$ cat protein_25.cif   # mmCIF, C-alpha atoms
data_upload
loop_
_atom_site.group_PDB
_atom_site.id
_atom_site.type_symbol
_atom_site.label_atom_id
_atom_site.label_comp_id
_atom_site.auth_asym_id
_atom_site.auth_seq_id
_atom_site.Cartn_x
_atom_site.Cartn_y
_atom_site.Cartn_z
ATOM 1 C CA MET A 47 -24.295 23.787 -0.466
ATOM 2 C CA ASN A 48 -23.080 24.829 -3.888
ATOM 3 C CA LYS A 49 -19.466 24.667 -5.095
ATOM 4 C CA GLN A 50 -18.754 28.305 -4.275
ATOM 5 C CA GLU A 51 -19.916 27.880 -0.673
ATOM 6 C CA LEU A 52 -17.854 24.692 -0.325
ATOM 7 C CA LYS A 53 -14.752 26.479 -1.601
ATOM 8 C CA GLN A 54 -15.302 29.318 0.868
ATOM 9 C CA ASN A 55 -15.639 26.805 3.725
ATOM 10 C CA ASN A 56 -12.478 24.890 2.775
ATOM 11 C CA GLY A 57 -10.176 27.589 4.150
ATOM 12 C CA TRP A 58 -12.057 27.647 7.435
ATOM 13 C CA ILE A 59 -12.026 23.870 7.789
ATOM 14 C CA GLY A 60 -8.354 23.572 6.839
ATOM 15 C CA GLY A 61 -7.398 26.293 9.275
ATOM 16 C CA LEU A 62 -9.416 24.715 12.088
ATOM 17 C CA ILE A 63 -7.801 21.320 11.436
ATOM 18 C CA LEU A 64 -4.310 22.793 11.630
ATOM 19 C CA ILE A 65 -5.166 24.728 14.802
ATOM 20 C CA ALA A 66 -6.672 21.640 16.487
ATOM 21 C CA ILE A 67 -3.678 19.461 15.646
ATOM 22 C CA GLY A 68 -1.269 22.189 16.756
ATOM 23 C CA VAL A 69 -3.047 22.731 20.081
ATOM 24 C CA VAL A 70 -3.115 19.005 20.942
ATOM 25 C CA VAL A 71 0.535 18.458 19.995
ATOM 26 C CA LEU A 72 1.696 21.623 21.781
ATOM 27 C CA LEU A 73 -0.221 20.678 24.933
ATOM 28 C CA THR A 74 1.280 17.186 24.952
ATOM 29 C CA GLN A 75 4.791 18.621 24.596
ATOM 30 C CA LEU A 76 4.564 21.464 27.114
ATOM 31 C CA THR A 77 2.283 20.049 29.821
ATOM 32 C CA ASP A 78 1.116 16.792 31.341
ATOM 33 C CA PHE A 79 -1.884 16.854 28.991
ATOM 34 C CA ASN A 80 -2.490 13.296 27.856
ATOM 35 C CA VAL A 81 -5.044 11.902 25.510
ATOM 36 C CA ASP A 82 -5.707 8.413 26.865
ATOM 37 C CA ILE A 83 -5.956 6.665 23.498
ATOM 38 C CA PHE A 84 -2.529 8.016 22.492
ATOM 39 C CA GLN A 85 -0.989 6.729 25.725
ATOM 40 C CA ARG A 86 -2.470 3.257 25.270
ATOM 41 C CA PHE A 87 -0.739 2.884 21.949
ATOM 42 C CA ASP A 88 2.460 4.733 22.888
ATOM 43 C CA GLY A 89 1.462 7.685 20.715
ATOM 44 C CA ALA A 90 1.415 5.498 17.595
ATOM 45 C CA LEU A 91 -2.072 6.619 16.587
ATOM 46 C CA ILE A 92 -1.233 10.315 16.329
ATOM 47 C CA ILE A 93 -0.117 10.166 12.696
ATOM 48 C CA PRO A 94 -3.055 8.035 11.470
ATOM 49 C CA LEU A 95 -5.396 10.331 13.418
ATOM 50 C CA ILE A 96 -3.995 13.388 11.640
ATOM 51 C CA GLY A 97 -4.420 11.608 8.309
ATOM 52 C CA GLY A 98 -7.956 10.652 9.269
ATOM 53 C CA ILE A 99 -8.808 14.256 10.094
ATOM 54 C CA PHE A 100 -7.637 15.333 6.643
ATOM 55 C CA LEU A 101 -9.608 12.503 4.999
ATOM 56 C CA LEU A 102 -12.733 13.428 6.933
ATOM 57 C CA ALA A 103 -12.327 17.086 5.935
ATOM 58 C CA GLY A 104 -11.955 16.012 2.305
ATOM 59 C CA ILE A 105 -15.063 13.870 2.467
ATOM 60 C CA VAL A 106 -17.143 16.555 4.189
ATOM 61 C CA THR A 107 -16.023 19.342 1.859
ATOM 62 C CA ARG A 108 -15.815 17.041 -1.190
ATOM 63 C CA ASN A 109 -12.375 18.517 -1.844
ATOM 64 C CA ALA A 110 -9.320 16.547 -2.973
ATOM 65 C CA SER A 111 -7.045 19.159 -1.379
ATOM 66 C CA PHE A 112 -7.662 17.437 1.960
ATOM 67 C CA ILE A 113 -7.971 13.862 0.654
ATOM 68 C CA ILE A 114 -4.500 13.863 -0.938
ATOM 69 C CA PRO A 115 -2.481 14.656 2.214
ATOM 70 C CA GLY A 116 -4.930 12.559 4.234
ATOM 71 C CA GLY A 117 -4.240 9.464 2.143
ATOM 72 C CA ILE A 118 -0.479 9.926 2.250
ATOM 73 C CA ILE A 119 -0.345 10.681 5.985
ATOM 74 C CA SER A 120 -2.774 7.858 6.829
ATOM 75 C CA GLY A 121 -0.856 5.279 4.808
ATOM 76 C CA ALA A 122 2.464 6.227 6.389
ATOM 77 C CA GLY A 123 0.880 6.485 9.844
ATOM 78 C CA TRP A 124 -0.806 3.090 9.751
ATOM 79 C CA GLY A 125 2.425 1.576 8.402
ATOM 80 C CA ALA A 126 4.368 2.997 11.329
ATOM 81 C CA THR A 127 1.669 1.886 13.759
ATOM 82 C CA VAL A 128 1.764 -1.722 12.528
ATOM 83 C CA VAL A 129 5.569 -1.848 12.274
ATOM 84 C CA THR A 130 6.043 -0.563 15.838
ATOM 85 C CA GLY A 131 3.714 -3.290 17.092
ATOM 86 C CA ALA A 132 1.167 -0.859 18.532
ATOM 87 C CA ILE A 133 -1.474 -2.716 16.524
ATOM 88 C CA THR A 134 -1.135 -6.313 15.383
ATOM 89 C CA VAL A 135 -2.448 -7.352 11.988
ATOM 90 C CA PRO A 136 -2.497 -11.178 11.753
ATOM 91 C CA PHE A 137 -2.217 -11.060 7.954
ATOM 92 C CA PHE A 138 1.270 -9.521 8.281
ATOM 93 C CA ALA A 139 2.546 -12.053 10.857
ATOM 94 C CA GLY A 140 6.141 -12.962 9.975
ATOM 95 C CA TRP A 141 6.469 -10.325 7.234
ATOM 96 C CA ASP A 142 9.448 -8.031 6.875
ATOM 97 C CA GLU A 143 8.782 -4.660 8.554
ATOM 98 C CA GLY A 144 9.922 -2.747 5.477
ATOM 99 C CA SER A 145 7.416 -4.525 3.257
ATOM 100 C CA ILE A 146 4.610 -3.983 5.773
ATOM 101 C CA PHE A 147 5.327 -0.262 5.864
ATOM 102 C CA MET A 148 5.583 0.047 2.084
ATOM 103 C CA LEU A 149 2.316 -1.842 1.459
ATOM 104 C CA THR A 150 0.313 0.185 3.979
ATOM 105 C CA PHE A 151 1.862 3.372 2.600
ATOM 106 C CA ALA A 152 0.817 2.254 -0.908
ATOM 107 C CA ALA A 153 -2.715 1.664 0.404
ATOM 108 C CA GLY A 154 -2.816 5.319 1.467
ATOM 109 C CA TRP A 155 -2.036 6.368 -2.105
ATOM 110 C CA ALA A 156 -4.729 4.016 -3.424
ATOM 111 C CA ALA A 157 -7.175 5.590 -0.956
ATOM 112 C CA ILE A 158 -6.652 8.922 -2.709
ATOM 113 C CA THR A 159 -7.976 7.485 -5.972
ATOM 114 C CA LEU A 160 -10.845 5.645 -4.279
ATOM 115 C CA LEU A 161 -12.011 8.569 -2.141
ATOM 116 C CA THR A 162 -11.722 11.173 -4.894
ATOM 117 C CA ALA A 163 -13.747 8.870 -7.149
ATOM 118 C CA ILE A 164 -16.495 8.657 -4.539
ATOM 119 C CA PHE A 165 -16.511 12.144 -3.006
ATOM 120 C CA THR A 166 -15.179 14.651 -5.549
ATOM 121 C CA ASP A 167 -15.954 15.747 -9.081
ATOM 122 C CA LYS A 168 -12.621 14.492 -10.417
ATOM 123 C CA THR A 169 -11.019 11.108 -9.786
ATOM 124 C CA HIS A 170 -7.288 11.404 -9.124
ATOM 125 C CA TRP A 171 -5.986 8.387 -11.024
ATOM 126 C CA TRP A 172 -2.400 9.677 -10.882
ATOM 127 C CA ALA A 173 -2.132 8.554 -7.243
ATOM 128 C CA LEU A 174 -2.133 4.934 -8.411
ATOM 129 C CA ILE A 175 1.254 5.484 -10.071
ATOM 130 C CA PRO A 176 3.319 6.181 -6.925
ATOM 131 C CA GLY A 177 1.087 3.779 -4.984
ATOM 132 C CA SER A 178 1.797 0.943 -7.431
ATOM 133 C CA ILE A 179 5.525 1.626 -7.435
ATOM 134 C CA ILE A 180 5.605 1.681 -3.634
ATOM 135 C CA ALA A 181 3.567 -1.553 -3.498
ATOM 136 C CA LEU A 182 5.936 -3.259 -5.959
ATOM 137 C CA ILE A 183 8.893 -2.246 -3.822
ATOM 138 C CA GLY A 184 7.118 -3.618 -0.739
ATOM 139 C CA LEU A 185 6.448 -6.920 -2.510
ATOM 140 C CA ALA A 186 10.065 -7.026 -3.733
ATOM 141 C CA VAL A 187 11.292 -6.582 -0.165
ATOM 142 C CA GLU A 188 9.020 -9.399 1.045
ATOM 143 C CA TYR A 189 9.281 -11.890 -1.791
ATOM 144 C CA GLY A 190 12.383 -10.947 -3.805
ATOM 145 C CA GLY A 191 12.689 -12.960 -7.022
ATOM 146 C CA ALA A 192 10.387 -11.793 -9.811
ATOM 147 C CA PHE A 193 9.266 -8.715 -7.895
ATOM 148 C CA ALA A 194 12.859 -7.623 -7.308
ATOM 149 C CA THR A 195 13.637 -8.155 -10.999
ATOM 150 C CA MET A 196 10.568 -6.128 -11.972
ATOM 151 C CA VAL A 197 11.572 -3.254 -9.675
ATOM 152 C CA THR A 198 15.099 -3.282 -11.126
ATOM 153 C CA THR A 199 13.733 -3.248 -14.682
ATOM 154 C CA VAL A 200 11.274 -0.442 -13.947
ATOM 155 C CA GLY A 201 14.137 1.439 -12.300
ATOM 156 C CA LYS A 202 16.023 1.362 -15.601
ATOM 157 C CA LEU A 203 13.093 1.989 -17.944
ATOM 158 C CA TRP A 204 11.116 4.685 -16.097
ATOM 159 C CA PRO A 205 12.256 7.451 -18.506
ATOM 160 C CA ILE A 206 10.032 5.800 -21.134
ATOM 161 C CA PHE A 207 7.036 6.980 -19.118
ATOM 162 C CA LEU A 208 8.379 10.533 -19.175
ATOM 163 C CA ILE A 209 8.745 10.319 -22.945
ATOM 164 C CA LEU A 210 5.198 8.949 -23.335
ATOM 165 C CA GLY A 211 3.863 11.655 -21.030
ATOM 166 C CA GLY A 212 5.610 14.321 -23.077
ATOM 167 C CA ILE A 213 4.176 12.923 -26.302
ATOM 168 C CA SER A 214 0.708 12.918 -24.726
ATOM 169 C CA VAL A 215 1.029 16.560 -23.628
ATOM 170 C CA ILE A 216 2.216 17.618 -27.093
ATOM 171 C CA ALA A 217 -0.600 15.658 -28.767
ATOM 172 C CA ASP A 218 -3.196 17.324 -26.523
ATOM 173 C CA GLN A 219 -1.719 20.732 -27.241
ATOM 174 C CA TYR A 220 -1.742 20.001 -30.973
ATOM 175 C CA LYS A 221 -5.463 19.035 -30.823
ATOM 176 C CA LYS A 222 -6.311 22.235 -28.931
ATOM 177 C CA SER A 223 -4.474 24.407 -31.450
ATOM 178 C CA LYS A 224 -6.537 23.093 -34.390
#
$ encode --input "protein_25.cif" --output "structure tokens"
Amino acid sequence: MNKQELKQNNGWIGGLILIAIGVVVLLTQLTDFNVDIFQRFDGALIIPLIGGIFLLAGIVTRNASFIIPGGIISGAGWGATVVTGAITVPFFAGWDEGSIFMLTFAAGWAAITLLTAIFTDKTHWWALIPGSIIALIGLAVEYGGAFATMVTTVGKLWPIFLILGGISVIADQYKKSK
């Protein structure tokens, strides 16, 4: 399939994903329709499943438009699943629930960069920025100390990154105008 055909298929795939999710959720709310795997885990796998569907659509279509929401939804969904105890991860035994959620959520953002690097024409490096900030907050919640100090410092100095970004945009525009 060429790029044009993939782009034409994206709308169909996205629409079908939304319809499928809507039908399953509507049926579970209005009837006694139960999907066994959801019942086993108290419904905790619904959000990661939705994220997984978006990720799969992004991989199949090689389109970041599905990978981006898939990474975010999956990270948040797996965080909620682990925090609620629906799935136990021995590595996180004894950890603060807030830090567990933040670190799995950050992993979802990192997945955006990884999957776009593998499956699309353009790697989305920008996703590492919110992912890193979220991970630092998760580590600060768990460990305090140096991580908490770092988060406080970054919280005060973040406008520097806006300034540097603005300088970069102006420099690029200047190069293009010559």
$ resolve_selection --input "protein_25.cif" --expression "the PyMOL selection byres ((chain A and resi 124-139) around 10)" --output "PDB file with C-alpha atoms, in the coordinates of the input"
ATOM      1  CA  ARG A  86      -2.470   3.257  25.270  1.00  0.00           C
ATOM      2  CA  PHE A  87      -0.739   2.884  21.949  1.00  0.00           C
ATOM      3  CA  ASP A  88       2.460   4.733  22.888  1.00  0.00           C
ATOM      4  CA  GLY A  89       1.462   7.685  20.715  1.00  0.00           C
ATOM      5  CA  ALA A  90       1.415   5.498  17.595  1.00  0.00           C
ATOM      6  CA  LEU A  91      -2.072   6.619  16.587  1.00  0.00           C
ATOM      7  CA  ILE A  92      -1.233  10.315  16.329  1.00  0.00           C
ATOM      8  CA  ILE A  93      -0.117  10.166  12.696  1.00  0.00           C
ATOM      9  CA  PRO A  94      -3.055   8.035  11.470  1.00  0.00           C
ATOM     10  CA  LEU A  95      -5.396  10.331  13.418  1.00  0.00           C
ATOM     11  CA  GLY A  97      -4.420  11.608   8.309  1.00  0.00           C
ATOM     12  CA  ILE A 119      -0.345  10.681   5.985  1.00  0.00           C
ATOM     13  CA  SER A 120      -2.774   7.858   6.829  1.00  0.00           C
ATOM     14  CA  GLY A 121      -0.856   5.279   4.808  1.00  0.00           C
ATOM     15  CA  ALA A 122       2.464   6.227   6.389  1.00  0.00           C
ATOM     16  CA  GLY A 123       0.880   6.485   9.844  1.00  0.00           C
ATOM     17  CA  GLY A 140       6.141 -12.962   9.975  1.00  0.00           C
ATOM     18  CA  TRP A 141       6.469 -10.325   7.234  1.00  0.00           C
ATOM     19  CA  ASP A 142       9.448  -8.031   6.875  1.00  0.00           C
ATOM     20  CA  GLU A 143       8.782  -4.660   8.554  1.00  0.00           C
ATOM     21  CA  GLY A 144       9.922  -2.747   5.477  1.00  0.00           C
ATOM     22  CA  SER A 145       7.416  -4.525   3.257  1.00  0.00           C
ATOM     23  CA  ILE A 146       4.610  -3.983   5.773  1.00  0.00           C
ATOM     24  CA  PHE A 147       5.327  -0.262   5.864  1.00  0.00           C
ATOM     25  CA  MET A 148       5.583   0.047   2.084  1.00  0.00           C
ATOM     26  CA  LEU A 149       2.316  -1.842   1.459  1.00  0.00           C
ATOM     27  CA  THR A 150       0.313   0.185   3.979  1.00  0.00           C
ATOM     28  CA  PHE A 151       1.862   3.372   2.600  1.00  0.00           C
ATOM     29  CA  ALA A 152       0.817   2.254  -0.908  1.00  0.00           C
ATOM     30  CA  ALA A 153      -2.715   1.664   0.404  1.00  0.00           C
ATOM     31  CA  GLY A 154      -2.816   5.319   1.467  1.00  0.00           C
TER      32      GLY A 154
END
$ closest_atom_pairs --input "protein_25.cif" --of "stretch 126-200 of chain A" --to "stretch 109-116 of chain A" --cutoff "8 Å" --atoms "all atoms listed in the file" --output "tab-separated table"
residue	atom	partner	partner_atom	distance
A:Trp155	CA	A:Ile114	CA	8.0
A:Ile158	CA	A:Ile114	CA	5.7
A:Leu161	CA	A:Ile113	CA	7.2
A:Thr162	CA	A:Ala110	CA	6.2
A:Phe165	CA	A:Asn109	CA	7.7
A:Thr166	CA	A:Asn109	CA	6.0
$ closest_residue --input "protein_25.cif" --among "A:Ala156, A:Ile96, A:Ile183, A:Ala192" --to "A:His170" --atoms "all atoms listed in the file"
A:Ala156
$ atom_distance --input "protein_25.cif" --atom1 "atom CA of A:Leu182" --atom2 "atom CA of A:Ile209"
21.9 Å
$ atom_distance --input "protein_25.cif" --atom1 "atom CA of A:Ala157" --atom2 "atom CA of A:Gly98"
11.4 Å
$ atom_distance --input "protein_25.cif" --atom1 "atom CA of A:Asp218" --atom2 "atom CA of A:Ala163"
23.6 Å
$ closest_residue --input "protein_25.cif" --among "A:Arg108, A:Glu188, A:Ala66, A:Ala194" --to "A:Lys168" --atoms "all atoms listed in the file"
A:Arg108
$ closest_residue --input "protein_25.cif" --among "A:Asp167, A:Leu208, A:Leu64, A:Val197" --to "A:Ala181" --atoms "only C-alpha atoms"
A:Val197
$ closest_residue --input "protein_25.cif" --among "A:Ala186, A:Leu62, A:Leu203, A:Ile105" --to "A:Ile164" --atoms "all atoms listed in the file"
A:Ile105
$ closest_residue --input "protein_25.cif" --among "A:Phe207, A:Ile213, A:Ile59, A:Leu102" --to "A:Ile175" --atoms "all atoms listed in the file"
A:Phe207
$ decode --input "protein_25.cif" --residues "stretch 126-203 of chain A" --atoms "C-alpha atoms" --output "PDB file, in the first residue's frame"
ATOM      1  CA  ALA A 126      -5.050   2.547  36.891  1.00  0.00           C
ATOM      2  CA  THR A 127      -5.092  -1.225  36.451  1.00  0.00           C
ATOM      3  CA  VAL A 128      -1.997  -1.715  38.623  1.00  0.00           C
ATOM      4  CA  VAL A 129      -3.067   0.842  41.246  1.00  0.00           C
ATOM      5  CA  THR A 130      -6.513  -0.747  41.667  1.00  0.00           C
ATOM      6  CA  GLY A 131      -4.850  -4.112  42.255  1.00  0.00           C
ATOM      7  CA  ALA A 132      -6.495  -5.778  39.257  1.00  0.00           C
ATOM      8  CA  ILE A 133      -3.011  -6.832  38.160  1.00  0.00           C
ATOM      9  CA  THR A 134      -0.069  -7.223  40.515  1.00  0.00           C
ATOM     10  CA  VAL A 135       3.398  -6.190  39.398  1.00  0.00           C
ATOM     11  CA  PRO A 136       5.991  -7.521  41.888  1.00  0.00           C
ATOM     12  CA  PHE A 137       8.453  -4.759  40.970  1.00  0.00           C
ATOM     13  CA  PHE A 138       6.039  -2.161  42.407  1.00  0.00           C
ATOM     14  CA  ALA A 139       5.407  -4.029  45.691  1.00  0.00           C
ATOM     15  CA  GLY A 140       5.339  -1.487  48.530  1.00  0.00           C
ATOM     16  CA  TRP A 141       5.461   1.558  46.229  1.00  0.00           C
ATOM     17  CA  ASP A 142       3.225   4.576  46.622  1.00  0.00           C
ATOM     18  CA  GLU A 143       0.167   4.311  44.340  1.00  0.00           C
ATOM     19  CA  GLY A 144       0.695   7.823  42.994  1.00  0.00           C
ATOM     20  CA  SER A 145       4.229   7.026  41.878  1.00  0.00           C
ATOM     21  CA  ILE A 146       3.121   3.757  40.271  1.00  0.00           C
ATOM     22  CA  PHE A 147       0.460   5.571  38.271  1.00  0.00           C
ATOM     23  CA  MET A 148       2.797   8.376  37.213  1.00  0.00           C
ATOM     24  CA  LEU A 149       5.560   5.986  36.082  1.00  0.00           C
ATOM     25  CA  THR A 150       3.232   3.792  34.023  1.00  0.00           C
ATOM     26  CA  PHE A 151       1.638   6.916  32.555  1.00  0.00           C
ATOM     27  CA  ALA A 152       5.139   8.166  31.645  1.00  0.00           C
ATOM     28  CA  ALA A 153       5.833   4.806  29.980  1.00  0.00           C
ATOM     29  CA  GLY A 154       2.825   5.422  27.727  1.00  0.00           C
ATOM     30  CA  TRP A 155       4.368   8.705  26.584  1.00  0.00           C
ATOM     31  CA  ALA A 156       7.704   6.969  25.972  1.00  0.00           C
ATOM     32  CA  ALA A 157       5.853   4.355  23.901  1.00  0.00           C
ATOM     33  CA  ILE A 158       4.784   7.127  21.531  1.00  0.00           C
ATOM     34  CA  THR A 159       8.414   7.914  20.711  1.00  0.00           C
ATOM     35  CA  LEU A 160       9.402   4.248  20.449  1.00  0.00           C
ATOM     36  CA  LEU A 161       6.481   3.187  18.253  1.00  0.00           C
ATOM     37  CA  THR A 162       6.646   6.200  15.943  1.00  0.00           C
ATOM     38  CA  ALA A 163      10.367   5.535  15.502  1.00  0.00           C
ATOM     39  CA  ILE A 164       9.651   1.953  14.471  1.00  0.00           C
ATOM     40  CA  PHE A 165       6.393   2.246  12.518  1.00  0.00           C
ATOM     41  CA  THR A 166       6.110   5.750  11.046  1.00  0.00           C
ATOM     42  CA  ASP A 167       8.137   8.030   8.817  1.00  0.00           C
ATOM     43  CA  LYS A 168       8.693  10.577  11.587  1.00  0.00           C
ATOM     44  CA  THR A 169       9.833   9.892  15.144  1.00  0.00           C
ATOM     45  CA  HIS A 170       7.886  11.949  17.679  1.00  0.00           C
ATOM     46  CA  TRP A 171      10.654  12.903  20.096  1.00  0.00           C
ATOM     47  CA  TRP A 172       8.491  15.594  21.719  1.00  0.00           C
ATOM     48  CA  ALA A 173       6.584  12.908  23.648  1.00  0.00           C
ATOM     49  CA  LEU A 174       9.678  12.310  25.779  1.00  0.00           C
ATOM     50  CA  ILE A 175       9.301  15.794  27.277  1.00  0.00           C
ATOM     51  CA  PRO A 176       5.961  15.279  29.074  1.00  0.00           C
ATOM     52  CA  GLY A 177       6.909  11.641  29.694  1.00  0.00           C
ATOM     53  CA  SER A 178      10.147  12.651  31.436  1.00  0.00           C
ATOM     54  CA  ILE A 179       8.420  15.298  33.526  1.00  0.00           C
ATOM     55  CA  ILE A 180       5.722  12.831  34.574  1.00  0.00           C
ATOM     56  CA  ALA A 181       8.378  10.206  35.401  1.00  0.00           C
ATOM     57  CA  LEU A 182      10.334  12.716  37.511  1.00  0.00           C
ATOM     58  CA  ILE A 183       7.184  13.566  39.431  1.00  0.00           C
ATOM     59  CA  GLY A 184       6.530   9.849  39.978  1.00  0.00           C
ATOM     60  CA  LEU A 185      10.075   9.348  41.272  1.00  0.00           C
ATOM     61  CA  ALA A 186       9.729  12.438  43.490  1.00  0.00           C
ATOM     62  CA  VAL A 187       6.548  11.009  44.998  1.00  0.00           C
ATOM     63  CA  GLU A 188       8.279   7.675  45.674  1.00  0.00           C
ATOM     64  CA  TYR A 189      11.724   8.789  46.768  1.00  0.00           C
ATOM     65  CA  GLY A 190      11.445  12.476  47.710  1.00  0.00           C
ATOM     66  CA  GLY A 191      14.838  14.054  48.409  1.00  0.00           C
ATOM     67  CA  ALA A 192      16.838  14.889  45.288  1.00  0.00           C
ATOM     68  CA  PHE A 193      13.958  14.063  42.957  1.00  0.00           C
ATOM     69  CA  ALA A 194      11.610  16.385  44.840  1.00  0.00           C
ATOM     70  CA  THR A 195      14.234  19.145  44.732  1.00  0.00           C
ATOM     71  CA  MET A 196      14.699  18.603  40.995  1.00  0.00           C
ATOM     72  CA  VAL A 197      10.944  18.805  40.362  1.00  0.00           C
ATOM     73  CA  THR A 198      10.738  22.020  42.404  1.00  0.00           C
ATOM     74  CA  THR A 199      13.658  23.534  40.482  1.00  0.00           C
ATOM     75  CA  VAL A 200      12.234  22.537  37.098  1.00  0.00           C
ATOM     76  CA  GLY A 201       8.908  23.985  38.235  1.00  0.00           C
ATOM     77  CA  LYS A 202      10.588  27.367  38.684  1.00  0.00           C
ATOM     78  CA  LEU A 203      12.838  27.296  35.619  1.00  0.00           C
TER      79      LEU A 203
END
